[in-house]
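One file, data.cif, carrying mmCIF, C-alpha atoms and all ligand atoms:
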```cif
data_structure
loop_
_atom_site.group_PDB
_atom_site.id
_atom_site.type_symbol
_atom_site.label_atom_id
_atom_site.label_comp_id
_atom_site.auth_asym_id
_atom_site.auth_seq_id
_atom_site.Cartn_x
_atom_site.Cartn_y
_atom_site.Cartn_z
ATOM 1 C CA MET N 671 118.572 34.285 13.572
ATOM 2 C CA MET N 672 116.294 35.485 16.360
ATOM 3 C CA ARG N 673 116.631 33.676 19.635
ATOM 4 C CA ALA N 674 113.551 33.073 21.753
ATOM 5 C CA PRO N 675 113.760 34.844 25.129
ATOM 6 C CA ALA N 676 114.947 32.476 27.843
ATOM 7 C CA THR N 677 112.228 31.084 30.050
ATOM 8 C CA ASP N 678 112.450 28.865 33.117
ATOM 9 C CA LEU N 679 109.150 27.148 32.340
ATOM 10 C CA PRO N 680 108.251 24.422 32.351
ATOM 11 C CA VAL N 681 110.209 23.099 35.304
ATOM 12 C CA ARG N 682 110.416 19.383 34.727
ATOM 13 C CA LEU N 683 111.628 16.572 36.969
ATOM 14 C CA ASP N 684 112.404 13.448 35.044
ATOM 15 C CA ASP N 685 113.010 10.380 37.164
ATOM 16 C CA ALA N 686 114.727 12.685 39.639
ATOM 17 C CA SER N 687 116.045 11.392 42.936
ATOM 18 C CA PHE N 688 117.807 13.077 45.798
ATOM 19 C CA ALA N 689 119.783 10.994 48.241
ATOM 20 C CA VAL N 690 121.962 11.907 51.178
ATOM 21 C CA GLY N 691 124.382 9.088 51.837
ATOM 22 C CA THR N 692 122.290 5.956 51.685
ATOM 23 C CA VAL N 693 119.019 7.720 52.477
ATOM 24 C CA THR N 694 116.766 8.464 49.511
ATOM 25 C CA ILE N 695 114.721 11.566 50.241
ATOM 26 C CA ILE N 696 113.215 12.069 46.787
ATOM 27 C CA ASP N 697 112.636 8.804 44.984
ATOM 28 C CA ARG N 698 112.431 8.889 41.171
ATOM 29 C CA MET N 699 109.922 11.689 40.753
ATOM 30 C CA THR N 700 108.601 12.663 37.339
ATOM 31 C CA LEU N 701 106.616 15.909 37.454
ATOM 32 C CA THR N 702 106.027 19.020 35.367
ATOM 33 C CA PHE N 703 105.317 22.508 36.689
ATOM 34 C CA ALA N 704 103.862 24.442 33.769
ATOM 35 C CA PRO N 705 101.974 27.738 33.492
ATOM 36 C CA GLY N 706 98.484 27.542 34.975
ATOM 37 C CA ALA N 707 96.663 27.565 38.291
ATOM 38 C CA PRO N 708 98.656 26.928 41.500
ATOM 39 C CA THR N 709 100.108 23.489 42.143
ATOM 40 C CA LEU N 710 99.830 22.429 45.775
ATOM 41 C CA VAL N 711 102.401 19.929 46.970
ATOM 42 C CA ILE N 712 100.867 18.127 49.920
ATOM 43 C CA GLY N 713 101.979 15.320 52.178
ATOM 44 C CA PRO N 714 102.703 14.588 55.827
ATOM 45 C CA ASN N 715 105.691 15.940 57.750
ATOM 46 C CA GLY N 716 108.906 14.491 56.385
ATOM 47 C CA ALA N 717 107.328 13.454 53.065
ATOM 48 C CA GLY N 718 109.914 15.417 51.105
ATOM 49 C CA LYS N 719 107.976 18.592 50.249
ATOM 50 C CA THR N 720 110.748 21.044 51.061
ATOM 51 C CA THR N 721 113.326 18.900 49.304
ATOM 52 C CA LEU N 722 111.129 18.655 46.200
ATOM 53 C CA LEU N 723 110.693 22.433 46.105
ATOM 54 C CA ARG N 724 114.448 22.943 46.546
ATOM 55 C CA LEU N 725 115.125 20.622 43.604
ATOM 56 C CA ALA N 726 112.519 22.362 41.447
ATOM 57 C CA MET N 727 114.010 25.761 42.331
ATOM 58 C CA GLY N 728 117.511 24.520 41.524
ATOM 59 C CA LEU N 729 118.762 25.046 45.085
ATOM 60 C CA ALA N 730 119.779 21.382 45.127
ATOM 61 C CA ALA N 731 120.745 19.148 42.220
ATOM 62 C CA PRO N 732 119.269 15.670 41.815
ATOM 63 C CA THR N 733 121.634 12.832 42.623
ATOM 64 C CA SER N 734 120.108 10.902 39.702
ATOM 65 C CA GLY N 735 117.650 11.786 36.962
ATOM 66 C CA THR N 736 117.259 15.353 35.738
ATOM 67 C CA VAL N 737 115.596 18.637 36.593
ATOM 68 C CA THR N 738 115.234 21.060 33.685
ATOM 69 C CA PHE N 739 114.165 24.686 33.506
ATOM 70 C CA GLY N 740 112.674 25.637 30.166
ATOM 71 C CA GLY N 741 114.559 22.701 28.701
ATOM 72 C CA ARG N 742 117.927 23.700 30.193
ATOM 73 C CA GLU N 743 119.575 21.606 32.843
ATOM 74 C CA ARG N 744 121.694 24.311 34.430
ATOM 75 C CA GLY N 745 121.971 28.011 34.517
ATOM 76 C CA PRO N 746 121.008 30.792 36.864
ATOM 77 C CA PRO N 747 117.522 31.015 38.337
ATOM 78 C CA LEU N 748 116.424 33.489 35.694
ATOM 79 C CA ARG N 749 112.793 33.790 36.569
ATOM 80 C CA ARG N 750 112.330 31.621 39.655
ATOM 81 C CA ALA N 751 111.800 32.756 43.237
ATOM 82 C CA PHE N 752 111.462 30.936 46.551
ATOM 83 C CA VAL N 753 109.844 31.929 49.841
ATOM 84 C CA PHE N 754 110.998 29.940 52.834
ATOM 85 C CA GLN N 755 108.851 28.968 55.766
ATOM 86 C CA ARG N 756 110.827 31.290 58.020
ATOM 87 C CA PRO N 757 112.231 34.004 55.803
ATOM 88 C CA VAL N 758 115.286 35.903 56.963
ATOM 89 C CA MET N 759 115.232 39.653 56.463
ATOM 90 C CA LEU N 760 118.212 41.966 56.325
ATOM 91 C CA ARG N 761 118.694 44.004 59.491
ATOM 92 C CA ARG N 762 117.524 47.093 57.618
ATOM 93 C CA SER N 763 114.279 48.831 56.770
ATOM 94 C CA VAL N 764 111.437 47.195 54.891
ATOM 95 C CA ALA N 765 112.180 49.362 51.844
ATOM 96 C CA ALA N 766 115.919 48.589 52.019
ATOM 97 C CA ASN N 767 115.157 44.878 51.921
ATOM 98 C CA LEU N 768 113.213 45.381 48.692
ATOM 99 C CA ARG N 769 115.847 47.747 47.290
ATOM 100 C CA TYR N 770 118.455 45.036 47.840
ATOM 101 C CA ALA N 771 116.334 42.510 45.938
ATOM 102 C CA LEU N 772 115.761 44.958 43.075
ATOM 103 C CA SER N 773 119.503 45.642 42.792
ATOM 104 C CA ALA N 774 120.192 41.914 42.775
ATOM 105 C CA ALA N 775 117.640 41.575 39.973
ATOM 106 C CA GLY N 776 119.499 44.248 38.010
ATOM 107 C CA MET N 777 116.861 46.973 38.093
ATOM 108 C CA PRO N 778 118.269 50.493 37.515
ATOM 109 C CA ARG N 779 118.288 52.578 40.713
ATOM 110 C CA ARG N 780 116.057 55.303 39.365
ATOM 111 C CA GLN N 781 113.229 52.786 39.031
ATOM 112 C CA HIS N 782 113.531 51.454 42.583
ATOM 113 C CA ASP N 783 111.259 53.856 44.474
ATOM 114 C CA GLY N 784 108.341 53.350 42.120
ATOM 115 C CA ARG N 785 108.678 49.603 42.130
ATOM 116 C CA ILE N 786 109.043 49.480 45.938
ATOM 117 C CA ALA N 787 105.794 51.419 46.293
ATOM 118 C CA GLU N 788 104.058 48.995 43.924
ATOM 119 C CA LEU N 789 105.362 45.951 45.770
ATOM 120 C CA LEU N 790 104.392 47.329 49.186
ATOM 121 C CA ALA N 791 100.900 48.070 47.891
ATOM 122 C CA LEU N 792 100.588 44.591 46.432
ATOM 123 C CA VAL N 793 101.287 42.971 49.812
ATOM 124 C CA GLY N 794 99.382 45.528 51.892
ATOM 125 C CA LEU N 795 102.414 47.086 53.573
ATOM 126 C CA THR N 796 102.095 50.623 52.204
ATOM 127 C CA GLY N 797 103.290 53.190 54.716
ATOM 128 C CA ILE N 798 105.699 51.017 56.676
ATOM 129 C CA GLY N 799 108.684 51.121 54.320
ATOM 130 C CA ASP N 800 110.825 52.842 56.948
ATOM 131 C CA ARG N 801 110.237 50.309 59.715
ATOM 132 C CA PRO N 802 112.999 47.835 60.623
ATOM 133 C CA ALA N 803 112.117 44.642 58.751
ATOM 134 C CA ARG N 804 112.978 42.369 61.645
ATOM 135 C CA ARG N 805 110.503 44.154 63.921
ATOM 136 C CA LEU N 806 107.534 43.283 61.730
ATOM 137 C CA SER N 807 105.039 40.688 62.929
ATOM 138 C CA GLY N 808 105.305 37.169 61.531
ATOM 139 C CA GLY N 809 102.489 37.796 59.085
ATOM 140 C CA GLU N 810 103.968 41.093 57.932
ATOM 141 C CA GLN N 811 107.390 39.509 57.474
ATOM 142 C CA GLN N 812 105.848 36.775 55.372
ATOM 143 C CA ARG N 813 104.171 39.402 53.190
ATOM 144 C CA LEU N 814 107.469 41.258 52.891
ATOM 145 C CA ALA N 815 109.106 37.976 51.898
ATOM 146 C CA LEU N 816 106.499 37.642 49.150
ATOM 147 C CA ALA N 817 107.191 41.177 47.960
ATOM 148 C CA ARG N 818 110.924 40.450 47.955
ATOM 149 C CA ALA N 819 110.384 37.293 45.900
ATOM 150 C CA LEU N 820 108.166 39.189 43.462
ATOM 151 C CA ALA N 821 110.811 41.902 43.063
ATOM 152 C CA ARG N 822 112.612 39.769 40.495
ATOM 153 C CA GLU N 823 109.437 39.307 38.465
ATOM 154 C CA PRO N 824 109.445 35.525 38.577
ATOM 155 C CA GLU N 825 107.597 33.289 36.163
ATOM 156 C CA ILE N 826 107.378 30.686 38.888
ATOM 157 C CA LEU N 827 107.154 31.243 42.626
ATOM 158 C CA PHE N 828 107.863 28.453 45.123
ATOM 159 C CA LEU N 829 106.259 28.849 48.547
ATOM 160 C CA ASP N 830 107.309 26.407 51.245
ATOM 161 C CA GLU N 831 104.524 26.320 53.854
ATOM 162 C CA PRO N 832 104.393 30.116 53.859
ATOM 163 C CA THR N 833 101.567 30.274 56.403
ATOM 164 C CA ALA N 834 102.570 27.441 58.721
ATOM 165 C CA SER N 835 103.248 29.708 61.695
ATOM 166 C CA LEU N 836 100.536 32.300 61.052
ATOM 167 C CA ASP N 837 97.131 32.817 62.646
ATOM 168 C CA PRO N 838 93.948 32.603 60.522
ATOM 169 C CA ALA N 839 93.801 36.325 59.704
ATOM 170 C CA ALA N 840 97.460 36.518 58.695
ATOM 171 C CA THR N 841 97.046 33.268 56.754
ATOM 172 C CA LYS N 842 94.142 34.758 54.828
ATOM 173 C CA ALA N 843 96.147 37.882 54.012
ATOM 174 C CA VAL N 844 98.978 35.790 52.584
ATOM 175 C CA GLU N 845 96.604 33.470 50.704
ATOM 176 C CA ASP N 846 94.847 36.476 49.150
ATOM 177 C CA ILE N 847 98.188 37.763 47.866
ATOM 178 C CA VAL N 848 99.105 34.329 46.539
ATOM 179 C CA ALA N 849 95.777 34.110 44.687
ATOM 180 C CA GLN N 850 96.341 37.578 43.245
ATOM 181 C CA VAL N 851 99.857 36.681 42.144
ATOM 182 C CA ALA N 852 98.555 33.529 40.471
ATOM 183 C CA ALA N 853 95.814 35.511 38.741
ATOM 184 C CA ARG N 854 98.533 37.712 37.250
ATOM 185 C CA GLY N 855 99.944 34.666 35.505
ATOM 186 C CA ILE N 856 102.785 33.713 37.837
ATOM 187 C CA LYS N 857 102.985 29.957 38.326
ATOM 188 C CA VAL N 858 102.695 29.201 42.046
ATOM 189 C CA VAL N 859 104.019 25.966 43.521
ATOM 190 C CA MET N 860 103.209 25.818 47.225
ATOM 191 C CA SER N 861 103.745 23.120 49.808
ATOM 192 C CA THR N 862 101.530 22.448 52.776
ATOM 193 C CA HIS N 863 100.510 19.580 55.011
ATOM 194 C CA ASP N 864 97.190 21.371 55.580
ATOM 195 C CA LEU N 865 94.362 20.105 53.357
ATOM 196 C CA ALA N 866 92.123 23.122 53.940
ATOM 197 C CA LYS N 867 94.860 25.434 52.659
ATOM 198 C CA ALA N 868 95.454 23.181 49.668
ATOM 199 C CA LYS N 869 91.750 23.198 48.811
ATOM 200 C CA ARG N 870 91.547 26.972 48.970
ATOM 201 C CA LEU N 871 94.383 27.603 46.494
ATOM 202 C CA ALA N 872 94.759 24.627 44.118
ATOM 203 C CA GLY N 873 94.796 24.303 40.949
ATOM 204 C CA ASP N 874 96.207 20.915 40.971
ATOM 205 C CA ILE N 875 97.526 18.641 43.653
ATOM 206 C CA VAL N 876 100.696 16.625 43.972
ATOM 207 C CA LEU N 877 100.423 14.262 46.945
ATOM 208 C CA ILE N 878 103.783 12.911 48.035
ATOM 209 C CA HIS N 879 104.721 10.444 50.718
ATOM 210 C CA ARG N 880 108.115 9.062 51.656
ATOM 211 C CA GLY N 881 109.743 10.842 48.759
ATOM 212 C CA ARG N 882 107.404 9.424 46.146
ATOM 213 C CA VAL N 883 104.564 10.880 44.147
ATOM 214 C CA VAL N 884 101.407 9.120 45.335
ATOM 215 C CA GLU N 885 98.811 10.881 43.210
ATOM 216 C CA THR N 886 98.502 13.988 41.065
ATOM 217 C CA GLY N 887 95.543 15.660 39.420
ATOM 218 C CA PRO N 888 93.161 18.607 39.332
ATOM 219 C CA ALA N 889 92.169 19.544 42.890
ATOM 220 C CA GLU N 890 88.448 19.011 42.324
ATOM 221 C CA GLU N 891 88.972 15.455 41.141
ATOM 222 C CA PHE N 892 91.594 14.744 43.757
ATOM 223 C CA PHE N 893 89.335 15.699 46.652
ATOM 224 C CA ALA N 894 86.048 14.385 45.215
ATOM 225 C CA ALA N 895 87.315 11.117 43.786
ATOM 226 C CA PRO N 896 90.834 10.198 44.873
ATOM 227 C CA LYS N 897 92.218 7.301 42.870
ATOM 228 C CA THR N 898 94.592 5.810 45.392
ATOM 229 C CA ASP N 899 93.970 4.351 48.785
ATOM 230 C CA ALA N 900 96.733 6.536 50.242
ATOM 231 C CA ALA N 901 95.067 9.709 48.932
ATOM 232 C CA ARG N 902 91.704 8.584 50.324
ATOM 233 C CA ARG N 903 93.273 8.024 53.706
ATOM 234 C CA PHE N 904 95.173 11.315 53.664
ATOM 235 C CA ILE N 905 91.982 13.214 52.789
ATOM 236 C CA ALA N 906 90.137 11.390 55.579
ATOM 237 C CA GLY N 907 92.773 12.675 58.001
ATOM 238 C CA GLU N 908 94.309 9.297 58.674
ATOM 239 C CA LEU N 909 98.010 8.881 59.302
ATOM 240 C CA LEU N 910 100.030 7.779 56.325
ATOM 241 C CA ILE N 911 102.709 5.319 57.325
HETATM 242 N N1 LIG P 1 120.255 17.264 53.868
HETATM 243 C C1 LIG P 1 119.594 16.254 54.444
HETATM 244 N N2 LIG P 1 120.262 15.235 55.025
HETATM 245 C C2 LIG P 1 119.620 14.205 55.595
HETATM 246 N N3 LIG P 1 118.295 14.102 55.630
HETATM 247 C C3 LIG P 1 117.566 15.069 55.091
HETATM 248 C C4 LIG P 1 118.166 16.199 54.463
HETATM 249 N N4 LIG P 1 117.188 17.003 53.990
HETATM 250 C C5 LIG P 1 116.029 16.390 54.326
HETATM 251 N N5 LIG P 1 116.245 15.243 54.976
HETATM 252 C C6 LIG P 1 115.221 14.274 55.461
HETATM 253 O O1 LIG P 1 114.381 13.996 54.364
HETATM 254 C C7 LIG P 1 113.025 13.866 54.787
HETATM 255 C C8 LIG P 1 112.171 14.835 54.013
HETATM 256 O O2 LIG P 1 112.477 16.138 54.440
HETATM 257 P P1 LIG P 1 111.686 17.422 53.937
HETATM 258 O O3 LIG P 1 112.161 18.564 54.757
HETATM 259 O O4 LIG P 1 111.809 17.542 52.477
HETATM 260 O O5 LIG P 1 110.176 17.020 54.312
HETATM 261 P P2 LIG P 1 108.869 17.925 54.373
HETATM 262 O O6 LIG P 1 107.797 17.180 53.680
HETATM 263 O O7 LIG P 1 109.188 19.291 53.924
HETATM 264 O O8 LIG P 1 108.547 17.927 55.934
HETATM 265 P P3 LIG P 1 107.810 19.053 56.832
HETATM 266 O O9 LIG P 1 106.338 18.931 56.545
HETATM 267 O O10 LIG P 1 108.128 18.628 58.237
HETATM 268 O O11 LIG P 1 108.395 20.379 56.466
HETATM 269 C C9 LIG P 1 113.044 14.091 56.280
HETATM 270 O O12 LIG P 1 113.060 12.843 56.901
HETATM 271 C C10 LIG P 1 114.315 14.857 56.518
HETATM 272 O O13 LIG P 1 114.827 14.629 57.794
HETATM 273 MG MG MG P 2 109.154 21.131 54.815
#
```
Could you write out this file's structure as structure tokens?
Amino acid sequence: MMRAPATDLPVRLDDASFAVGTVTIIDRMTLTFAPGAPTLVIGPNGAGKTTLLRLAMGLAAPTSGTVTFGGRERGPPLRRAFVFQRPVMLRRSVAANLRYALSAAGMPRRQHDGRIAELLALVGLTGIGDRPARRLSGGEQQRLALARALAREPEILFLDEPTASLDPAATKAVEDIVAQVAARGIKVVMSTHDLAKAKRLAGDIVLIHRGRVVETGPAEEFFAAPKTDAARRFIAGELLI
């Protein structure tokens, strides 16, 4: 019998909670991340965005409820990748950082140089493969982090506030790459507390607050006609408490 190739999609949280001691950080969330336009996870500082992304990536396990990847509850992150807000690069060249990721993804060595060139082109870093990765600017490092995440050819890419510490030009460069990646069919799940960024890239919106899902929906509807009072207030720039 033929077996279908393993896929990590959809990523599904079913009544998933994450608690540390007596503190509930993610409170019974039910959500599905399926192929399609980017999902933007928004909410104020401390809402639980990073923790939600870590659960959906499989970096943390729910303390109750389930998180499944293509219907499986465990297993290696086959086709998932994660970019942290402050990515850490190896103390080696830009190209060596990508080479390391390609080896980890099991790509044969003879294919590395070609793929590295492709990845550098995709993130606009052609020509600086020999530079020490840790000497790159913040924006360049974030683009290298994207290239490194894409090295494993993910089906789903989690981005945790990838432009939080970048200036407008560097932010635009990263957002352009994210849009391009999404257009290639990779599911993007990105967190931000910045509404303007969410508007530019979504797709659909998941508004969370205090570890709970407040409202979800297509971005156009969410911004034009929010259904909940909390969403209305968040869009109006009011504090959610
Ligand atoms: N391992 C942990 N132990 C205890 N508390 C934690 C842990 N991880 C997260 N928290 C707490 O859970 C809450 C949610 O944290 P999280 O980092 O997910 O929020 P966030 O929405 O990403 O915030 P920000 O916008 O500031 O990045 C915070 O109050 C945080 O201090
Ligand atoms: Mg966070």
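The residue that comes closest to Asn767 in chain N, out of N:Ala731, N:Ile712, N:Leu816, N:Leu679 and on the basis of all atoms listed in the file, is N:Leu816.
Each of N:Arg818, N:Arg880, N:Arg698, N:Lys719 was compared to ligand LIG 1 (chain P) using only C-alpha atoms and all ligand atoms, and N:Lys719 turns out to be the nearest.
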Exercise. Give me the result of the PyMOL selection byres (((not hetatm)) within 10 of (chain P and resi 1)) on this file, residue by residue, as a ChimeraX atom specification.
Key: /N:688-696,711-725,730,755,830-831,834,861-864,878-881
Quiz item: Selected by the PyMOL selection byres (((chain N and resi 802) around 8) and not hetatm) in the shown coordinates: which residues, as an NGL selection string?
Solution: :N and (761-764 or 800-801 or 803-806)
Suppose a student applies the PyMOL selection byres (((chain N and resi 844) around 9) and not hetatm) to this structure; what residues should they get, written as a PDB file with C-alpha atoms, in the frame of the given file?
```
ATOM      1  CA  VAL N 793     101.287  42.971  49.812  1.00  0.00           C
ATOM      2  CA  GLY N 809     102.489  37.796  59.085  1.00  0.00           C
ATOM      3  CA  GLN N 812     105.848  36.775  55.372  1.00  0.00           C
ATOM      4  CA  ARG N 813     104.171  39.402  53.190  1.00  0.00           C
ATOM      5  CA  LEU N 816     106.499  37.642  49.150  1.00  0.00           C
ATOM      6  CA  PRO N 832     104.393  30.116  53.859  1.00  0.00           C
ATOM      7  CA  THR N 833     101.567  30.274  56.403  1.00  0.00           C
ATOM      8  CA  ALA N 839      93.801  36.325  59.704  1.00  0.00           C
ATOM      9  CA  ALA N 840      97.460  36.518  58.695  1.00  0.00           C
ATOM     10  CA  THR N 841      97.046  33.268  56.754  1.00  0.00           C
ATOM     11  CA  LYS N 842      94.142  34.758  54.828  1.00  0.00           C
ATOM     12  CA  ALA N 843      96.147  37.882  54.012  1.00  0.00           C
ATOM     13  CA  GLU N 845      96.604  33.470  50.704  1.00  0.00           C
ATOM     14  CA  ASP N 846      94.847  36.476  49.150  1.00  0.00           C
ATOM     15  CA  ILE N 847      98.188  37.763  47.866  1.00  0.00           C
ATOM     16  CA  VAL N 848      99.105  34.329  46.539  1.00  0.00           C
ATOM     17  CA  ALA N 849      95.777  34.110  44.687  1.00  0.00           C
TER      18      ALA N 849
END
```
